[in-house]
file final10.pdb (PDB, C-alpha atoms and all ligand atoms)
ATOM      1  CA  MET A   1      49.593 -22.199-116.324
ATOM      2  CA  ASN A   2      46.041 -20.842-116.483
ATOM      3  CA  LYS A   3      45.086 -17.203-116.941
ATOM      4  CA  GLN A   4      44.643 -16.598-113.195
ATOM      5  CA  ASP A   5      48.082 -18.008-112.339
ATOM      6  CA  GLU A   6      49.689 -16.035-115.157
ATOM      7  CA  ARG A   7      48.018 -12.835-113.932
ATOM      8  CA  GLN A   8      49.272 -13.439-110.385
ATOM      9  CA  GLN A   9      52.773 -14.022-111.723
ATOM     10  CA  VAL A  10      52.664 -10.653-113.528
ATOM     11  CA  ILE A  11      51.645  -9.015-110.222
ATOM     12  CA  ASP A  12      54.398 -10.819-108.284
ATOM     13  CA  TYR A  13      57.046  -9.510-110.660
ATOM     14  CA  ALA A  14      55.501  -6.025-110.833
ATOM     15  CA  LEU A  15      55.851  -5.897-107.016
ATOM     16  CA  LYS A  16      59.457  -7.052-107.395
ATOM     17  CA  LEU A  17      60.085  -3.971-109.582
ATOM     18  CA  ASN A  18      59.476  -1.945-106.413
ATOM     19  CA  THR A  19      61.149  -4.185-103.833
ATOM     20  CA  THR A  20      64.338  -4.638-105.868
ATOM     21  CA  GLY A  21      64.474  -0.900-106.604
ATOM     22  CA  LEU A  22      64.380  -1.524-110.357
ATOM     23  CA  SER A  23      61.456   0.817-110.882
ATOM     24  CA  PRO A  24      60.069   3.024-108.146
ATOM     25  CA  GLY A  25      56.335   3.820-107.787
ATOM     26  CA  LYS A  26      54.292   2.725-110.771
ATOM     27  CA  SER A  27      56.931   3.409-113.416
ATOM     28  CA  GLY A  28      57.817   0.521-115.684
ATOM     29  CA  ASN A  29      55.578  -2.312-116.827
ATOM     30  CA  ILE A  30      55.564  -6.062-117.341
ATOM     31  CA  SER A  31      53.898  -8.433-119.788
ATOM     32  CA  VAL A  32      53.793 -12.109-120.712
ATOM     33  CA  ARG A  33      52.664 -13.750-123.930
ATOM     34  CA  PHE A  34      49.297 -15.420-123.360
ATOM     35  CA  ASN A  35      47.480 -17.513-125.968
ATOM     36  CA  GLU A  36      47.201 -15.355-129.111
ATOM     37  CA  GLY A  37      47.914 -12.162-127.195
ATOM     38  CA  LEU A  38      49.436 -10.922-123.959
ATOM     39  CA  LEU A  39      48.791 -10.080-120.328
ATOM     40  CA  VAL A  40      50.119  -6.645-119.315
ATOM     41  CA  THR A  41      50.095  -4.424-116.231
ATOM     42  CA  PRO A  42      47.362  -1.751-116.351
ATOM     43  CA  SER A  43      47.837   1.991-116.683
ATOM     44  CA  GLY A  44      47.986   4.187-113.601
ATOM     45  CA  VAL A  45      47.624   1.663-110.755
ATOM     46  CA  GLU A  46      50.115   1.290-107.895
ATOM     47  CA  TYR A  47      51.496  -2.255-107.965
ATOM     48  CA  GLN A  48      50.555  -2.809-104.304
ATOM     49  CA  GLN A  49      46.895  -2.233-105.254
ATOM     50  CA  LEU A  50      46.814  -4.785-108.079
ATOM     51  CA  SER A  51      44.552  -7.824-108.035
ATOM     52  CA  PRO A  52      44.584 -10.511-110.767
ATOM     53  CA  SER A  53      41.463  -9.123-112.465
ATOM     54  CA  ASP A  54      43.309  -5.799-113.005
ATOM     55  CA  ILE A  55      45.869  -7.389-115.317
ATOM     56  CA  VAL A  56      44.858  -6.584-118.887
ATOM     57  CA  ASN A  57      44.430  -9.306-121.508
ATOM     58  CA  MET A  58      44.723  -8.036-125.079
ATOM     59  CA  ASP A  59      45.424  -9.413-128.531
ATOM     60  CA  LEU A  60      48.532  -8.426-130.479
ATOM     61  CA  SER A  61      46.566  -5.740-132.350
ATOM     62  CA  GLY A  62      45.680  -3.946-129.123
ATOM     63  CA  ASN A  63      42.094  -5.141-128.684
ATOM     64  CA  VAL A  64      41.371  -5.499-124.980
ATOM     65  CA  SER A  65      39.444  -8.569-123.840
ATOM     66  CA  ASP A  66      35.815  -7.908-122.814
ATOM     67  CA  ASP A  67      36.386  -9.146-119.258
ATOM     68  CA  CYS A  68      39.001  -6.444-118.530
ATOM     69  CA  VAL A  69      38.014  -3.393-116.488
ATOM     70  CA  LEU A  70      41.202  -1.336-116.716
ATOM     71  CA  GLN A  71      43.181   0.128-119.609
ATOM     72  CA  PRO A  72      46.526  -1.469-120.475
ATOM     73  CA  SER A  73      49.801   0.293-119.783
ATOM     74  CA  SER A  74      50.175   3.271-122.139
ATOM     75  CA  GLU A  75      53.308   1.480-123.385
ATOM     76  CA  TRP A  76      51.471  -1.627-124.660
ATOM     77  CA  HIS A  77      52.493  -0.904-128.278
ATOM     78  CA  PHE A  78      56.066  -2.073-127.916
ATOM     79  CA  HIS A  79      55.024  -5.110-125.875
ATOM     80  CA  SER A  80      52.661  -6.379-128.600
ATOM     81  CA  ASP A  81      55.040  -5.441-131.439
ATOM     82  CA  LEU A  82      57.934  -7.274-129.765
ATOM     83  CA  TYR A  83      55.833 -10.441-129.391
ATOM     84  CA  GLN A  84      54.946 -10.191-133.080
ATOM     85  CA  SER A  85      58.535  -9.714-134.200
ATOM     86  CA  ARG A  86      60.241 -12.168-131.822
ATOM     87  CA  ALA A  87      58.653 -15.639-131.669
ATOM     88  CA  ASP A  88      61.259 -16.697-129.071
ATOM     89  CA  ILE A  89      60.164 -14.084-126.534
ATOM     90  CA  ASN A  90      57.430 -14.807-123.961
ATOM     91  CA  ALA A  91      58.021 -12.100-121.341
ATOM     92  CA  ILE A  92      59.033  -8.419-121.304
ATOM     93  CA  VAL A  93      60.168  -6.235-118.391
ATOM     94  CA  HIS A  94      60.379  -2.469-118.910
ATOM     95  CA  THR A  95      61.875  -0.259-116.193
ATOM     96  CA  HIS A  96      62.992   3.295-115.521
ATOM     97  CA  SER A  97      65.801   1.913-113.353
ATOM     98  CA  THR A  98      68.237   4.558-112.149
ATOM     99  CA  TYR A  99      71.550   3.731-113.829
ATOM    100  CA  CYS A 100      70.116   2.541-117.153
ATOM    101  CA  THR A 101      68.012   5.691-117.296
ATOM    102  CA  ALA A 102      70.969   7.921-116.374
ATOM    103  CA  LEU A 103      72.980   6.471-119.265
ATOM    104  CA  ALA A 104      69.960   6.656-121.592
ATOM    105  CA  CYS A 105      69.560  10.360-120.770
ATOM    106  CA  THR A 106      73.098  11.010-122.026
ATOM    107  CA  GLY A 107      72.414   9.082-125.237
ATOM    108  CA  ARG A 108      74.842   6.299-124.321
ATOM    109  CA  SER A 109      74.624   2.631-125.182
ATOM    110  CA  ILE A 110      76.633   0.224-122.986
ATOM    111  CA  PRO A 111      79.785  -0.885-124.837
ATOM    112  CA  ALA A 112      81.856  -4.000-124.092
ATOM    113  CA  PHE A 113      83.453  -2.423-121.005
ATOM    114  CA  HIS A 114      82.795  -5.791-119.262
ATOM    115  CA  TYR A 115      82.395  -9.172-120.942
ATOM    116  CA  MET A 116      79.011  -9.714-119.250
ATOM    117  CA  VAL A 117      77.311  -7.261-121.662
ATOM    118  CA  ALA A 118      77.148 -10.387-123.874
ATOM    119  CA  ILE A 119      74.316 -11.531-121.629
ATOM    120  CA  ALA A 120      72.041  -9.270-123.711
ATOM    121  CA  GLY A 121      72.987 -11.281-126.808
ATOM    122  CA  GLY A 122      75.704  -9.226-128.504
ATOM    123  CA  LYS A 123      78.849  -7.135-128.193
ATOM    124  CA  ASP A 124      77.040  -4.192-126.612
ATOM    125  CA  ILE A 125      73.711  -3.189-125.089
ATOM    126  CA  PRO A 126      72.294  -0.756-127.670
ATOM    127  CA  ILE A 127      70.073   2.269-127.191
ATOM    128  CA  ALA A 128      66.808   2.859-129.078
ATOM    129  CA  PRO A 129      66.372   6.451-130.340
ATOM    130  CA  TYR A 130      63.980   8.686-128.420
ATOM    131  CA  ALA A 131      60.300   8.945-129.352
ATOM    132  CA  LEU A 132      57.286   9.980-127.253
ATOM    133  CA  PHE A 133      56.204   7.259-124.798
ATOM    134  CA  GLY A 134      53.284   5.107-125.882
ATOM    135  CA  THR A 135      53.717   5.896-129.600
ATOM    136  CA  GLU A 136      54.087   3.570-132.557
ATOM    137  CA  GLN A 137      57.269   5.444-133.447
ATOM    138  CA  LEU A 138      58.842   4.468-130.120
ATOM    139  CA  SER A 139      57.723   0.898-130.680
ATOM    140  CA  GLU A 140      59.327   0.868-134.162
ATOM    141  CA  ASN A 141      62.589   2.174-132.721
ATOM    142  CA  ILE A 142      62.567  -0.523-130.017
ATOM    143  CA  VAL A 143      61.693  -3.409-132.338
ATOM    144  CA  ALA A 144      64.529  -2.397-134.702
ATOM    145  CA  CYS A 145      66.970  -2.183-131.772
ATOM    146  CA  LEU A 146      65.970  -5.576-130.343
ATOM    147  CA  GLN A 147      66.193  -7.705-133.490
ATOM    148  CA  SER A 148      69.458  -9.221-132.309
ATOM    149  CA  ARG A 149      69.434  -8.452-128.573
ATOM    150  CA  GLN A 150      67.482  -9.445-125.460
ATOM    151  CA  ALA A 151      67.826  -6.013-123.825
ATOM    152  CA  CYS A 152      68.341  -2.370-124.749
ATOM    153  CA  LEU A 153      68.258   1.134-123.316
ATOM    154  CA  LEU A 154      65.635   3.679-124.423
ATOM    155  CA  ALA A 155      66.933   7.221-124.960
ATOM    156  CA  ASN A 156      65.672   9.683-122.312
ATOM    157  CA  HIS A 157      63.437   6.961-120.910
ATOM    158  CA  GLY A 158      64.724   3.657-119.437
ATOM    159  CA  MET A 159      65.376   0.062-120.480
ATOM    160  CA  ILE A 160      63.747  -3.157-121.711
ATOM    161  CA  ALA A 161      64.738  -6.767-121.012
ATOM    162  CA  MET A 162      63.074  -9.835-122.550
ATOM    163  CA  GLY A 163      63.225 -13.586-122.166
ATOM    164  CA  SER A 164      61.645 -16.946-122.788
ATOM    165  CA  ASP A 165      59.854 -16.577-119.439
ATOM    166  CA  LEU A 166      59.267 -13.884-116.824
ATOM    167  CA  ALA A 167      61.937 -15.094-114.382
ATOM    168  CA  THR A 168      64.586 -14.934-117.137
ATOM    169  CA  ALA A 169      63.482 -11.498-118.359
ATOM    170  CA  PHE A 170      63.468 -10.114-114.808
ATOM    171  CA  LYS A 171      66.934 -11.495-113.987
ATOM    172  CA  LEU A 172      68.247  -9.983-117.216
ATOM    173  CA  ALA A 173      66.754  -6.608-116.249
ATOM    174  CA  GLN A 174      68.592  -6.818-112.911
ATOM    175  CA  GLU A 175      71.829  -7.810-114.638
ATOM    176  CA  VAL A 176      71.596  -4.956-117.158
ATOM    177  CA  GLU A 177      70.934  -2.447-114.365
ATOM    178  CA  ALA A 178      73.999  -3.756-112.463
ATOM    179  CA  LEU A 179      76.121  -3.409-115.623
ATOM    180  CA  ALA A 180      74.789   0.128-116.130
ATOM    181  CA  LYS A 181      75.836   1.023-112.576
ATOM    182  CA  GLN A 182      79.317  -0.428-113.101
ATOM    183  CA  TYR A 183      79.624   1.434-116.413
ATOM    184  CA  CYS A 184      78.600   4.755-114.823
ATOM    185  CA  ILE A 185      81.301   4.318-112.159
ATOM    186  CA  ALA A 186      83.902   3.245-114.723
ATOM    187  CA  LEU A 187      83.060   6.302-116.857
ATOM    188  CA  LYS A 188      83.772   8.550-113.863
ATOM    189  CA  LEU A 189      87.095   6.841-113.215
ATOM    190  CA  GLY A 190      88.060   7.336-116.858
ATOM    191  CA  ASN A 191      90.462   5.420-119.128
ATOM    192  CA  LEU A 192      87.891   2.760-120.011
ATOM    193  CA  ASN A 193      89.374  -0.328-121.557
ATOM    194  CA  VAL A 194      86.652  -1.575-123.929
ATOM    195  CA  LEU A 195      86.974  -5.165-125.171
ATOM    196  CA  SER A 196      87.538  -5.630-128.904
ATOM    197  CA  ASP A 197      84.977  -7.156-131.282
ATOM    198  CA  GLN A 198      87.161 -10.274-131.494
ATOM    199  CA  GLU A 199      87.279 -10.599-127.694
ATOM    200  CA  MET A 200      83.488 -10.291-127.556
ATOM    201  CA  ILE A 201      83.052 -12.873-130.325
ATOM    202  CA  GLU A 202      84.982 -15.282-128.078
ATOM    203  CA  VAL A 203      82.748 -14.444-125.102
ATOM    204  CA  LEU A 204      79.569 -14.897-127.152
ATOM    205  CA  ASP A 205      80.883 -18.191-128.476
ATOM    206  CA  ARG A 206      81.598 -19.396-124.940
ATOM    207  CA  PHE A 207      78.151 -18.332-123.746
ATOM    208  CA  LYS A 208      76.616 -20.260-126.639
ATOM    209  CA  HIS A 209      78.540 -23.454-125.935
ATOM    210  CA  TYR A 210      78.665 -23.505-122.157
ATOM    211  CA  GLY A 211      75.556 -21.452-121.423
ATOM    212  CA  GLN A 212      75.490 -18.412-119.211
ATOM    213  CA  ARG A 213      73.121 -18.927-116.362
ATOM    214  CA  LEU A 214      71.392 -15.764-115.324
TER     215      LEU A 214
HETATM  216 ZN    ZN B   1      58.496   3.713-119.639
END
call {"tool": "encode", "arguments": {"input": "final10.pdb", "output": "structure tokens", "more": "lines below"}}
Ligand SMILES: [Zn+2]
result
Amino acid sequence: MNKQDERQQVIDYALKLNTTGLSPGKSGNISVRFNEGLLVTPSGVEYQQLSPSDIVNMDLSGNVSDDCVLQPSSEWHFHSDLYQSRADINAIVHTHSTYCTALACTGRSIPAFHYMVAIAGGKDIPIAPYALFGTEQLSENIVACLQSRQACLLANHGMIAMGSDLATAFKLAQEVEALAKQYCIALKLGNLNVLSDQEMIEVLDRFKHYGQRL
């Protein structure tokens, strides 16, 4: 895929953040790995207004390509740091989706209340500690949290989902938001029956051998 096609794909999925209700307005951001760097949504532009030339191309140190007019998302730090720390990741979706954010604002991770939490790569969906948005500290917290997961919540902020391509990362973001909604409802009902570590090891093993299509 050339740079123009990749930029259009970032726009298509940014628009899907709105149409699927995952992130209202211009909250959230999306990136894909591109050559030695990444393509990321710009700061402060409504997704409906985006054209391919607005998508920012930068290297993994944060240097913006000369042909870019706009500034990258203020949250570019964790995008570039995740690409540096995870060679298997080629796309990142970050949202302030309602149920993930509600849980994240109460400091909760998502435990194994349902076996599908294994879709994020482990026995729970963890939460990265709070730090000011756009800071290197927040990025450090996220990178540490995502060493062995494909998704996590961000305290008092939102969530991140990653994948080998943008379609996979976006589907994971939708799945994690659905799990967050189910968990919120289950919490209200009370008497949660959380699966044991052994039960989750069996689920993860099955996912590994039979695959879990998103
Ligand atoms: Zn954010």
call {"tool": "closest_residue", "arguments": {"input": "final10.pdb", "among": "A:Val69, A:Leu153, A:Ile30, A:Ala91", "to": "Val176 (chain A)", "atoms": "all atoms listed in the file"}}
result
A:Leu153
call {"tool": "resolve_selection", "arguments": {"input": "final10.pdb", "expression": "the PyMOL selection byres (((chain A and resi 47) around 8) and not hetatm)", "output": "MDAnalysis selection string"}}
result
chainID A and resid 11 14:15 25:26 45:46 48:50
call {"tool": "closest_residue", "arguments": {"input": "final10.pdb", "among": "A:Asn29, A:Asn63, A:Thr19, A:Asn193", "to": "ligand ZN 1 (chain B)", "atoms": "all atoms listed in the file"}}
result
A:Asn29
call {"tool": "closest_residue", "arguments": {"input": "final10.pdb", "among": "A:Ala120, A:Ile92, A:Ile55, A:Leu17", "to": "Phe78 (chain A)", "atoms": "all atoms listed in the file"}}
result
A:Ile92
call {"tool": "closest_residue", "arguments": {"input": "final10.pdb", "among": "A:Phe34, A:Tyr13, A:Tyr83, A:Tyr130", "to": "ligand ZN 1 (chain B)", "atoms": "all atoms listed in the file"}}
result
A:Tyr130
call {"tool": "decode", "arguments": {"input": "final10.pdb", "residues": "region 146-180 of chain A", "atoms": "N, CA and C atoms", "output": "short mmCIF file (atom, residue, chain, number, x, y, z; two decimals), in the first residue's frame"}}
result
data_model
loop_
_atom_site.label_atom_id
_atom_site.label_comp_id
_atom_site.auth_asym_id
_atom_site.auth_seq_id
_atom_site.Cartn_x
_atom_site.Cartn_y
_atom_site.Cartn_z
N LEU A 146 1.40 -2.81 28.20
CA LEU A 146 1.09 -3.54 26.97
C LEU A 146 2.23 -4.46 26.51
N GLN A 147 3.12 -4.81 27.41
CA GLN A 147 4.19 -5.74 27.01
C GLN A 147 3.65 -7.12 26.67
N SER A 148 2.58 -7.52 27.36
CA SER A 148 2.05 -8.87 27.12
C SER A 148 0.56 -8.84 26.82
N ARG A 149 0.07 -7.71 26.30
CA ARG A 149 -1.34 -7.59 25.95
C ARG A 149 -1.48 -6.83 24.64
N GLN A 150 -2.65 -6.98 23.99
CA GLN A 150 -2.95 -6.22 22.78
C GLN A 150 -3.88 -5.05 23.06
N ALA A 151 -4.37 -4.96 24.30
CA ALA A 151 -5.28 -3.86 24.66
C ALA A 151 -5.19 -3.59 26.15
N CYS A 152 -5.46 -2.33 26.52
CA CYS A 152 -5.53 -2.00 27.95
C CYS A 152 -6.41 -0.78 28.13
N LEU A 153 -6.83 -0.55 29.38
CA LEU A 153 -7.52 0.68 29.74
C LEU A 153 -6.48 1.68 30.22
N LEU A 154 -6.83 2.98 30.17
CA LEU A 154 -5.96 4.04 30.67
C LEU A 154 -6.72 4.76 31.78
N ALA A 155 -6.16 4.76 32.98
CA ALA A 155 -6.87 5.35 34.13
C ALA A 155 -7.30 6.78 33.85
N ASN A 156 -8.56 7.08 34.17
CA ASN A 156 -9.15 8.42 34.00
C ASN A 156 -8.97 8.96 32.59
N HIS A 157 -9.04 8.05 31.59
CA HIS A 157 -8.75 8.50 30.23
C HIS A 157 -9.52 7.70 29.17
N GLY A 158 -9.21 6.41 28.98
CA GLY A 158 -9.86 5.67 27.89
C GLY A 158 -9.27 4.30 27.69
N MET A 159 -9.00 3.94 26.44
CA MET A 159 -8.45 2.61 26.15
C MET A 159 -7.58 2.63 24.90
N ILE A 160 -6.77 1.58 24.75
CA ILE A 160 -5.93 1.39 23.56
C ILE A 160 -6.09 -0.05 23.10
N ALA A 161 -6.20 -0.23 21.77
CA ALA A 161 -6.17 -1.58 21.19
C ALA A 161 -5.17 -1.56 20.03
N MET A 162 -4.44 -2.67 19.86
CA MET A 162 -3.41 -2.73 18.82
C MET A 162 -3.58 -4.01 18.01
N GLY A 163 -2.90 -4.04 16.86
CA GLY A 163 -2.97 -5.25 16.05
C GLY A 163 -1.94 -5.25 14.95
N SER A 164 -1.92 -6.35 14.21
CA SER A 164 -0.97 -6.48 13.11
C SER A 164 -1.40 -5.61 11.91
N ASP A 165 -2.67 -5.23 11.88
CA ASP A 165 -3.15 -4.27 10.88
C ASP A 165 -4.32 -3.48 11.48
N LEU A 166 -4.76 -2.46 10.74
CA LEU A 166 -5.76 -1.54 11.29
C LEU A 166 -7.12 -2.21 11.50
N ALA A 167 -7.50 -3.09 10.58
CA ALA A 167 -8.79 -3.78 10.73
C ALA A 167 -8.81 -4.60 12.01
N THR A 168 -7.71 -5.30 12.30
CA THR A 168 -7.63 -6.13 13.51
C THR A 168 -7.65 -5.27 14.77
N ALA A 169 -6.89 -4.18 14.76
CA ALA A 169 -6.85 -3.29 15.93
C ALA A 169 -8.22 -2.68 16.19
N PHE A 170 -8.92 -2.29 15.12
CA PHE A 170 -10.22 -1.65 15.28
C PHE A 170 -11.25 -2.65 15.81
N LYS A 171 -11.23 -3.88 15.28
CA LYS A 171 -12.18 -4.90 15.76
C LYS A 171 -11.91 -5.22 17.23
N LEU A 172 -10.63 -5.23 17.62
CA LEU A 172 -10.31 -5.49 19.02
C LEU A 172 -10.84 -4.35 19.90
N ALA A 173 -10.70 -3.11 19.42
CA ALA A 173 -11.23 -1.97 20.19
C ALA A 173 -12.74 -2.13 20.40
N GLN A 174 -13.45 -2.56 19.35
CA GLN A 174 -14.90 -2.77 19.48
C GLN A 174 -15.20 -3.90 20.47
N GLU A 175 -14.41 -4.96 20.39
CA GLU A 175 -14.63 -6.11 21.29
C GLU A 175 -14.38 -5.71 22.74
N VAL A 176 -13.31 -4.95 22.98
CA VAL A 176 -12.98 -4.54 24.35
C VAL A 176 -14.07 -3.61 24.90
N GLU A 177 -14.58 -2.72 24.05
CA GLU A 177 -15.66 -1.84 24.51
C GLU A 177 -16.92 -2.66 24.84
N ALA A 178 -17.23 -3.68 24.04
CA ALA A 178 -18.39 -4.54 24.33
C ALA A 178 -18.19 -5.28 25.66
N LEU A 179 -16.97 -5.78 25.89
CA LEU A 179 -16.68 -6.47 27.15
C LEU A 179 -16.81 -5.49 28.33
N ALA A 180 -16.34 -4.26 28.14
CA ALA A 180 -16.44 -3.26 29.20
C ALA A 180 -17.90 -2.99 29.55
#
